[in-house]
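K.L.:
My questions all concern the structure below.
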Amino acid sequence: MSNSIFVKFVSDPALDRMKSIVGLACAAQAVNDGHKVSVFFAAAGVRFLDAAFLLDLETEMGPESTMIHGFMDTLLGGADLHCSFGSVKAVLGHEEGDGALYVPDDNIAWSGPPGVIALSTASNVQLVY
């Protein structure tokens, strides 16, 4: 049976790298298992949208690791992705449409609290990292 899973990243992955990696792994696994997955990056969780940060995070898994990018690519290919426009501006200094994120602008919905509420209430499972 397929579930609707909402995964929200709000914690700073720079401060708790392992928890963040576990969150990415769980979100990617949900996609691989065939669930309908919606992911929202907000607050400091938007660091996952920064290509340079992903390279840095990859080092947690070892010098030859591609696991973090594999998780992100799984989400790109199979999840409904959303981000907070305010958080991206405040944390990363980017704006909607400038093409600066790891996720292409046409593959992510820019939103805010209304999007979080809509996605969370439409899901039957919520995971927060």
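Starting from 1 in every chain, residues are counted up; chains themselves are A, B, ... following the order of the structure tokens, and ligands are numbered from 1 as listed.
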Skipping near chain neighbours, those fewer than 4 positions away, what residues fall within 9 Å of Met67 of chain A using only C-alpha atoms, listed as a count of residues only?

P.N.:
5

K.L.:
Quick one: residues within 9 Å of segment 13-16 of chain A, only C-alpha atoms counted, chain neighbours fewer than 2 positions away excluded, as JSON, numbers by chain?

P.N.:
{"A": [9, 10, 11, 18, 19, 20, 21, 44, 45, 46, 47, 48, 53, 57, 129]}

K.L.:
Could you please write out, as a PyMOL selection string, every residue of segment 6-124 of chain A that DSSP assigns to strand (DSSP E)?

P.N.:
chain A and resi 6-9+36-41+79-84+108-111

K.L.:
Go through segment 55-78 of chain A and flag each residue having an atom no more than 10 Å from segment 103-115 of chain A; for those, report the closest pair of atoms plus their distance in Å to one decimal, using only C-alpha atoms, ordered by chain and rising number, as CSV.

P.N.:
residue,atom,partner,partner_atom,distance
A:Met72,CA,A:Val103,CA,8.7
A:Asp73,CA,A:Val103,CA,9.0
A:Leu75,CA,A:Val103,CA,9.7
A:Leu76,CA,A:Val103,CA,7.2
A:Gly77,CA,A:Asn107,CA,9.3

K.L.:
Which parts of segment 17-59 of chain A does DSSP call alpha helix (DSSP H) when run on the backbone here, written out as a VMD selection string?

P.N.:
chain A and resid 17 to 32 51 to 58

K.L.:
Please write the residues from the selection above to a file, keeping C-alpha atoms, as a short mmCIF file (atom, residue, chain, number, x, y, z; two decimals), in the first residue's frame.

P.N.:
data_model
loop_
_atom_site.label_atom_id
_atom_site.label_comp_id
_atom_site.auth_asym_id
_atom_site.auth_seq_id
_atom_site.Cartn_x
_atom_site.Cartn_y
_atom_site.Cartn_z
CA ARG A 17 25.12 16.21 9.70
CA MET A 18 24.25 12.63 10.56
CA LYS A 19 20.61 13.41 11.36
CA SER A 20 20.38 15.25 8.08
CA ILE A 21 21.90 12.38 6.13
CA VAL A 22 19.43 9.98 7.79
CA GLY A 23 16.59 12.29 6.74
CA LEU A 24 17.76 12.31 3.12
CA ALA A 25 18.14 8.54 3.20
CA CYS A 26 14.61 8.07 4.55
CA ALA A 27 13.09 10.43 2.00
CA ALA A 28 14.93 8.69 -0.85
CA GLN A 29 13.89 5.27 0.46
CA ALA A 30 10.26 6.36 0.53
CA VAL A 31 10.54 7.34 -3.14
CA ASN A 32 12.24 4.04 -3.97
CA ALA A 51 25.56 22.42 -4.41
CA ALA A 52 28.71 23.41 -2.49
CA PHE A 53 27.19 22.29 0.81
CA LEU A 54 26.21 18.93 -0.70
CA LEU A 55 29.81 18.36 -1.76
CA ASP A 56 30.95 19.17 1.77
CA LEU A 57 28.33 16.90 3.30
CA GLU A 58 29.40 14.09 0.99
#

K.L.:
One number please: atom CA of Val91 of chain A to atom CA of Ala43 of chain A, in Å, one decimal.

P.N.:
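Taking atom CA of Val91 of chain A as the start and atom CA of Ala43 of chain A as the end point, the length is 7.4 Å.
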
K.L.:
Within 12 Å of Glu95 of chain A, counting only C-alpha atoms, which residues show up once you throw out same-chain ones fewer than 3 positions away? Write them as a count of residues only, please.

P.N.:
17

K.L.:
Write out as a ChimeraX atom specification the residues lying within 6 Å of Phe6 of chain A, counting only C-alpha atoms and excluding same-chain residues fewer than 6 positions away.

P.N.:
/A:37-39,120,123,126

K.L.:
When you draw a straight line from atom CA of Asn124 of chain A to atom CA of Tyr102 of chain A, how long is it in Å?

P.N.:
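Calculated distance between atom CA of Asn124 of chain A and atom CA of Tyr102 of chain A is 28.1 Å.
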
K.L.:
State, in Å with one decimal place, the distance from atom CA of Asp33 of chain A to atom CA of Ser65 of chain A.

P.N.:
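Spanning atom CA of Asp33 of chain A to atom CA of Ser65 of chain A is a straight-line distance of 22.7 Å.
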